[in-house]
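See below for the structure under consideration.
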Amino acid sequence: MGKQKVIFLCTGNSCRSQMAEGFLRNIADDRYEVFSAGLEPKQVNPYAIKVMQEDGIDISHHKSKDLKNYLGRVNFSKAVFVCHNAEQNCPSIYPFAFEKLSWPFEDPAAFEGDEESTLNKFREIRDQIKNRIQNWLEEANAFNGEAQ
(Lines give C-alpha, C1' and ligand atoms only; values in the text may rest on other atoms or scores of the structure.)
Protein backbone atom coordinates (compact mmCIF):
# COMPACT_ATOMS: atom_id res chain seq x y z
CA MET A 1 0.00 0.00 0.00
CA GLY A 2 1.30 3.47 -0.89
CA LYS A 3 1.64 6.45 1.35
CA GLN A 4 -1.54 8.12 2.56
CA LYS A 5 -2.02 11.60 1.13
CA VAL A 6 -2.69 14.30 3.73
CA ILE A 7 -3.44 17.95 3.00
CA PHE A 8 -3.43 20.79 5.53
CA LEU A 9 -5.79 23.63 4.64
CA CYS A 10 -6.12 27.21 5.81
CA THR A 11 -7.11 30.49 4.26
CA GLY A 12 -3.74 31.89 3.16
CA ASN A 13 -1.48 28.82 3.20
CA SER A 14 1.11 31.15 4.70
CA CYS A 15 1.51 30.06 8.36
CA ARG A 16 -0.45 27.29 10.06
CA SER A 17 -0.82 24.91 7.13
CA GLN A 18 2.82 25.47 6.12
CA MET A 19 4.04 24.68 9.64
CA ALA A 20 1.82 21.58 9.81
CA GLU A 21 3.12 20.38 6.43
CA GLY A 22 6.69 20.89 7.62
CA PHE A 23 6.14 18.97 10.85
CA LEU A 24 4.37 15.99 9.31
CA ARG A 25 6.99 15.72 6.58
CA ASN A 26 9.73 15.86 9.20
CA ILE A 27 8.15 13.44 11.68
CA ALA A 28 6.47 10.87 9.41
CA ASP A 29 7.58 11.40 5.81
CA ASP A 30 7.93 7.65 5.38
CA ARG A 31 4.19 7.13 6.00
CA TYR A 32 2.52 10.16 4.41
CA GLU A 33 2.64 12.19 1.24
CA VAL A 34 2.08 15.68 2.65
CA PHE A 35 0.55 18.75 1.03
CA SER A 36 -0.81 22.12 2.09
CA ALA A 37 -2.99 24.66 0.34
CA GLY A 38 -5.15 27.71 0.92
CA LEU A 39 -8.35 29.28 -0.31
CA GLU A 40 -6.58 32.62 -0.89
CA PRO A 41 -2.85 31.80 -1.00
CA LYS A 42 -0.37 34.39 0.22
CA GLN A 43 3.42 34.36 0.48
CA VAL A 44 4.79 32.07 3.20
CA ASN A 45 5.11 34.21 6.31
CA PRO A 46 8.75 34.99 7.25
CA TYR A 47 7.93 34.51 10.95
CA ALA A 48 6.66 30.99 10.21
CA ILE A 49 9.92 30.23 8.41
CA LYS A 50 11.96 31.64 11.30
CA VAL A 51 10.22 29.77 14.13
CA MET A 52 10.28 26.50 12.18
CA GLN A 53 14.04 26.93 11.64
CA GLU A 54 14.37 27.36 15.42
CA ASP A 55 12.84 23.88 15.71
CA GLY A 56 15.19 22.45 13.08
CA ILE A 57 12.76 22.38 10.15
CA ASP A 58 13.41 24.37 6.98
CA ILE A 59 10.25 25.53 5.21
CA SER A 60 11.99 28.42 3.42
CA HIS A 61 11.59 26.56 0.11
CA HIS A 62 7.81 26.13 0.59
CA LYS A 63 5.47 28.00 -1.73
CA SER A 64 1.83 28.87 -1.02
CA LYS A 65 -0.53 26.81 -3.14
CA ASP A 66 -4.14 27.30 -4.14
CA LEU A 67 -6.60 24.58 -3.16
CA LYS A 68 -7.92 24.73 -6.74
CA ASN A 69 -4.69 23.05 -7.87
CA TYR A 70 -5.81 19.86 -6.12
CA LEU A 71 -9.62 19.81 -6.34
CA GLY A 72 -10.75 17.07 -8.69
CA ARG A 73 -7.12 16.09 -9.36
CA VAL A 74 -5.87 14.49 -6.15
CA ASN A 75 -7.74 12.25 -3.76
CA PHE A 76 -6.56 12.65 -0.18
CA SER A 77 -6.84 10.20 2.69
CA LYS A 78 -7.17 13.12 5.07
CA ALA A 79 -7.91 16.83 4.77
CA VAL A 80 -6.94 18.69 7.94
CA PHE A 81 -8.47 22.13 8.41
CA VAL A 82 -6.22 24.28 10.60
CA CYS A 83 -8.57 27.29 10.57
CA HIS A 84 -12.33 27.76 10.79
CA ASN A 85 -12.51 29.98 7.71
CA ALA A 86 -11.08 27.32 5.41
CA GLU A 87 -13.32 24.66 6.93
CA GLN A 88 -16.44 26.76 6.45
CA ASN A 89 -15.59 28.00 2.96
CA CYS A 90 -13.87 25.00 1.40
CA PRO A 91 -15.78 23.67 -1.59
CA SER A 92 -17.30 20.32 -0.76
CA ILE A 93 -16.27 18.22 -3.70
CA TYR A 94 -16.55 14.48 -3.32
CA PRO A 95 -14.31 12.50 -3.17
CA PHE A 96 -11.77 15.18 -2.22
CA ALA A 97 -10.79 13.48 1.04
CA PHE A 98 -11.79 10.24 2.69
CA GLU A 99 -11.65 11.85 6.14
CA LYS A 100 -11.87 15.51 7.19
CA LEU A 101 -10.28 16.61 10.46
CA SER A 102 -10.82 19.92 12.22
CA TRP A 103 -7.79 21.28 14.08
CA PRO A 104 -8.40 25.02 14.28
CA PHE A 105 -5.48 27.08 15.55
CA GLU A 106 -5.32 30.79 16.22
CA ASP A 107 -3.88 32.75 13.28
CA PRO A 108 -0.47 34.05 14.41
CA ALA A 109 -0.34 36.41 11.40
CA ALA A 110 -3.32 38.30 12.85
CA PHE A 111 -1.41 39.03 16.05
CA GLU A 112 -0.39 42.65 16.55
CA GLY A 113 2.64 43.50 18.64
CA ASP A 114 6.36 44.18 18.51
CA GLU A 115 8.71 41.74 16.80
CA GLU A 116 9.54 39.70 19.91
CA SER A 117 5.86 39.41 20.92
CA THR A 118 4.98 38.37 17.37
CA LEU A 119 7.71 35.74 17.34
CA ASN A 120 6.44 34.43 20.67
CA LYS A 121 2.91 34.13 19.24
CA PHE A 122 4.25 32.21 16.24
CA ARG A 123 6.25 29.94 18.59
CA GLU A 124 3.12 29.28 20.65
CA ILE A 125 1.10 28.27 17.58
CA ARG A 126 4.04 26.27 16.17
CA ASP A 127 4.25 24.28 19.40
CA GLN A 128 0.49 23.66 19.43
CA ILE A 129 0.63 22.36 15.85
CA LYS A 130 3.63 20.15 16.61
CA ASN A 131 1.94 18.69 19.70
CA ARG A 132 -1.30 18.05 17.82
CA ILE A 133 0.51 16.22 15.02
CA GLN A 134 2.56 14.15 17.48
CA ASN A 135 -0.58 13.19 19.43
CA TRP A 136 -2.42 12.32 16.21
CA LEU A 137 0.45 10.08 15.07
CA GLU A 138 0.57 8.37 18.48
CA GLU A 139 -3.18 7.75 18.31
CA ALA A 140 -2.83 6.33 14.78
CA ASN A 141 0.04 4.07 15.89
CA ALA A 142 -1.95 2.82 18.88
CA PHE A 143 -4.96 2.10 16.67
CA ASN A 144 -2.85 0.31 14.07
CA GLY A 145 -1.13 -1.72 16.78
CA GLU A 146 -4.47 -2.88 18.19
CA ALA A 147 -5.73 -3.87 14.74
CA GLN A 148 -2.82 -6.26 14.08
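Residue names in the C-alpha coordinates use chain letters A, B, ... in the order shown, residue numbers from 1 in each chain, and ligand numbers from 1 in the order shown.
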
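Excluding segment 5-19 of chain A and any residue on its chain fewer than 6 positions from it, the residues at most 6 Å away by only C-alpha atoms are A:Tyr32, A:Glu33, A:Val34, A:Phe35, A:Ser36, A:Ala37, A:Gly38, A:Leu39, A:Glu40, A:Pro41, A:Lys42, A:Gln43, A:Val44, A:Asn45, A:Ala48, A:Ser64, A:Phe76, A:Ser77, A:Lys78, A:Ala79, A:Val80, A:Phe81, A:Val82, A:Cys83, A:Ala86.
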
Go ahead and save the picked residues with N, CA and C atoms, as an mmCIF file, in the first residue's frame.
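File produced: again_3.cif:
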data_model
loop_
_atom_site.group_PDB
_atom_site.id
_atom_site.type_symbol
_atom_site.label_atom_id
_atom_site.label_comp_id
_atom_site.auth_asym_id
_atom_site.auth_seq_id
_atom_site.Cartn_x
_atom_site.Cartn_y
_atom_site.Cartn_z
ATOM 1 N N TYR A 32 3.499 9.250 5.007
ATOM 2 C CA TYR A 32 2.523 10.162 4.410
ATOM 3 C C TYR A 32 3.132 10.973 3.280
ATOM 4 N N GLU A 33 2.320 11.213 2.277
ATOM 5 C CA GLU A 33 2.641 12.188 1.244
ATOM 6 C C GLU A 33 1.906 13.454 1.687
ATOM 7 N N VAL A 34 2.640 14.523 1.955
ATOM 8 C CA VAL A 34 2.084 15.684 2.651
ATOM 9 C C VAL A 34 1.983 16.896 1.721
ATOM 10 N N PHE A 35 0.833 17.565 1.822
ATOM 11 C CA PHE A 35 0.547 18.749 1.028
ATOM 12 C C PHE A 35 -0.031 19.827 1.936
ATOM 13 N N SER A 36 -0.055 21.050 1.437
ATOM 14 C CA SER A 36 -0.813 22.120 2.088
ATOM 15 C C SER A 36 -1.327 23.038 0.994
ATOM 16 N N ALA A 37 -2.409 23.740 1.314
ATOM 17 C CA ALA A 37 -2.991 24.658 0.338
ATOM 18 C C ALA A 37 -3.877 25.649 1.070
ATOM 19 N N GLY A 38 -4.286 26.691 0.343
ATOM 20 C CA GLY A 38 -5.151 27.712 0.917
ATOM 21 C C GLY A 38 -6.234 28.137 -0.052
ATOM 22 N N LEU A 39 -7.257 28.771 0.508
ATOM 23 C CA LEU A 39 -8.350 29.282 -0.310
ATOM 24 C C LEU A 39 -7.932 30.572 -1.017
ATOM 25 N N GLU A 40 -7.089 31.355 -0.345
ATOM 26 C CA GLU A 40 -6.576 32.617 -0.890
ATOM 27 C C GLU A 40 -5.082 32.680 -0.586
ATOM 28 N N PRO A 41 -4.270 31.927 -1.334
ATOM 29 C CA PRO A 41 -2.849 31.803 -0.996
ATOM 30 C C PRO A 41 -2.110 33.135 -0.964
ATOM 31 N N LYS A 42 -1.246 33.234 0.044
ATOM 32 C CA LYS A 42 -0.367 34.392 0.218
ATOM 33 C C LYS A 42 1.056 33.865 0.346
ATOM 34 N N GLN A 43 2.017 34.737 0.309
ATOM 35 C CA GLN A 43 3.419 34.357 0.484
ATOM 36 C C GLN A 43 3.609 33.707 1.854
ATOM 37 N N VAL A 44 4.495 32.706 1.922
ATOM 38 C CA VAL A 44 4.792 32.073 3.204
ATOM 39 C C VAL A 44 5.346 33.134 4.144
ATOM 40 N N ASN A 45 4.769 33.180 5.340
ATOM 41 C CA ASN A 45 5.110 34.215 6.308
ATOM 42 C C ASN A 45 6.547 34.030 6.817
ATOM 43 N N ALA A 48 6.865 32.441 10.208
ATOM 44 C CA ALA A 48 6.656 30.986 10.212
ATOM 45 C C ALA A 48 7.959 30.281 9.835
ATOM 46 N N SER A 64 3.271 28.940 -1.275
ATOM 47 C CA SER A 64 1.835 28.869 -1.023
ATOM 48 C C SER A 64 1.147 28.325 -2.268
ATOM 49 N N PHE A 76 -7.315 12.692 -1.429
ATOM 50 C CA PHE A 76 -6.561 12.651 -0.179
ATOM 51 C C PHE A 76 -7.190 11.676 0.800
ATOM 52 N N SER A 77 -6.338 11.034 1.588
ATOM 53 C CA SER A 77 -6.837 10.203 2.689
ATOM 54 C C SER A 77 -7.429 11.093 3.761
ATOM 55 N N LYS A 78 -6.739 12.216 4.015
ATOM 56 C CA LYS A 78 -7.174 13.125 5.072
ATOM 57 C C LYS A 78 -6.984 14.569 4.636
ATOM 58 N N ALA A 79 -7.998 15.383 4.922
ATOM 59 C CA ALA A 79 -7.906 16.828 4.773
ATOM 60 C C ALA A 79 -8.010 17.402 6.176
ATOM 61 N N VAL A 80 -6.989 18.136 6.590
ATOM 62 C CA VAL A 80 -6.940 18.686 7.944
ATOM 63 C C VAL A 80 -7.098 20.198 7.853
ATOM 64 N N PHE A 81 -8.201 20.689 8.408
ATOM 65 C CA PHE A 81 -8.467 22.126 8.412
ATOM 66 C C PHE A 81 -7.841 22.726 9.655
ATOM 67 N N VAL A 82 -6.907 23.667 9.466
ATOM 68 C CA VAL A 82 -6.225 24.276 10.602
ATOM 69 C C VAL A 82 -6.770 25.665 10.907
ATOM 70 N N CYS A 83 -7.869 26.051 10.240
ATOM 71 C CA CYS A 83 -8.565 27.287 10.573
ATOM 72 C C CYS A 83 -10.048 27.134 10.240
ATOM 73 N N ALA A 86 -11.275 28.288 6.489
ATOM 74 C CA ALA A 86 -11.081 27.315 5.412
ATOM 75 C C ALA A 86 -12.108 26.191 5.520
#

Just list as a VMD selection string whatever in segment 29-127 of chain A DSSP marks as alpha helix (DSSP H).
chain A and resid 46 to 54 84 to 89 115 to 127

Using the chain letters and numbers from this document, which residues of segment 41-117 of chain A does DSSP assign to strand (DSSP E or B), as a ChimeraX atom specification?
/A:66,76-81,97-102

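The space between atom CA of Thr118 of chain A and atom CA of Tyr47 of chain A spans 8.1 Å.
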
What does the distance from atom CA of Ile49 of chain A to atom CA of Gly113 of chain A come to in Å, to one decimal?
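These atoms are spaced 18.3 Å apart.
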
With only C-alpha atoms as the atoms that count, which of A:Gln4, A:Leu137, A:Val51, A:Arg31 lies nearest to Glu116 of chain A?
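Closest residue, counting only C-alpha atoms: A:Val51.
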
One decimal, in Å: what's the spacing between atom CA of Met52 of chain A and atom CA of Phe122 of chain A?
9.2 Å

Would you mind listing what lies within 12 Å of Asn131 of chain A as number ranges by chain, with only C-alpha atoms counted and same-chain residues fewer than 2 positions away left out?
A: 19-20, 23-24, 27, 103, 105, 124-129, 133-138

How about saving the chosen residues, N, CA and C atoms kept, as a tab-separated table (two decimals), in the first residue's frame?
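Below you can see out-v4.tsv, which holds the result:
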chain	number	residue	atom	x	y	z
A	19	MET	N	3.36	25.28	8.50
A	19	MET	CA	4.04	24.68	9.64
A	19	MET	C	3.62	23.22	9.81
A	20	ALA	N	2.32	22.95	9.66
A	20	ALA	CA	1.82	21.58	9.81
A	20	ALA	C	2.44	20.67	8.74
A	23	PHE	N	6.03	19.93	9.75
A	23	PHE	CA	6.14	18.97	10.85
A	23	PHE	C	5.82	17.55	10.41
A	24	LEU	N	4.72	17.36	9.69
A	24	LEU	CA	4.37	15.99	9.31
A	24	LEU	C	5.41	15.40	8.37
A	27	ILE	N	8.38	14.50	10.69
A	27	ILE	CA	8.15	13.44	11.68
A	27	ILE	C	7.79	12.11	11.03
A	103	TRP	N	-8.79	20.90	13.08
A	103	TRP	CA	-7.79	21.28	14.08
A	103	TRP	C	-7.59	22.78	14.02
A	105	PHE	N	-6.47	26.38	14.75
A	105	PHE	CA	-5.48	27.08	15.55
A	105	PHE	C	-5.66	28.57	15.34
A	124	GLU	N	4.23	29.91	19.93
A	124	GLU	CA	3.12	29.28	20.65
A	124	GLU	C	2.27	28.43	19.69
A	125	ILE	N	1.92	28.99	18.55
A	125	ILE	CA	1.10	28.27	17.58
A	125	ILE	C	1.90	27.12	16.98
A	126	ARG	N	3.17	27.35	16.68
A	126	ARG	CA	4.04	26.27	16.17
A	126	ARG	C	4.04	25.08	17.12
A	127	ASP	N	4.20	25.36	18.41
A	127	ASP	CA	4.25	24.28	19.40
A	127	ASP	C	2.91	23.57	19.52
A	128	GLN	N	1.81	24.30	19.40
A	128	GLN	CA	0.49	23.66	19.43
A	128	GLN	C	0.31	22.73	18.23
A	129	ILE	N	0.74	23.18	17.07
A	129	ILE	CA	0.63	22.36	15.85
A	129	ILE	C	1.50	21.11	15.98
A	133	ILE	N	0.07	17.22	16.00
A	133	ILE	CA	0.51	16.22	15.02
A	133	ILE	C	1.13	15.02	15.74
A	134	GLN	N	1.96	15.26	16.74
A	134	GLN	CA	2.56	14.15	17.48
A	134	GLN	C	1.49	13.29	18.16
A	135	ASN	N	0.50	13.93	18.78
A	135	ASN	CA	-0.58	13.19	19.43
A	135	ASN	C	-1.38	12.39	18.41
A	136	TRP	N	-1.67	13.00	17.26
A	136	TRP	CA	-2.42	12.32	16.21
A	136	TRP	C	-1.67	11.09	15.71
A	137	LEU	N	-0.36	11.23	15.52
A	137	LEU	CA	0.45	10.08	15.07
A	137	LEU	C	0.49	8.98	16.13
A	138	GLU	N	0.59	9.36	17.40
A	138	GLU	CA	0.57	8.37	18.48
A	138	GLU	C	-0.76	7.63	18.52
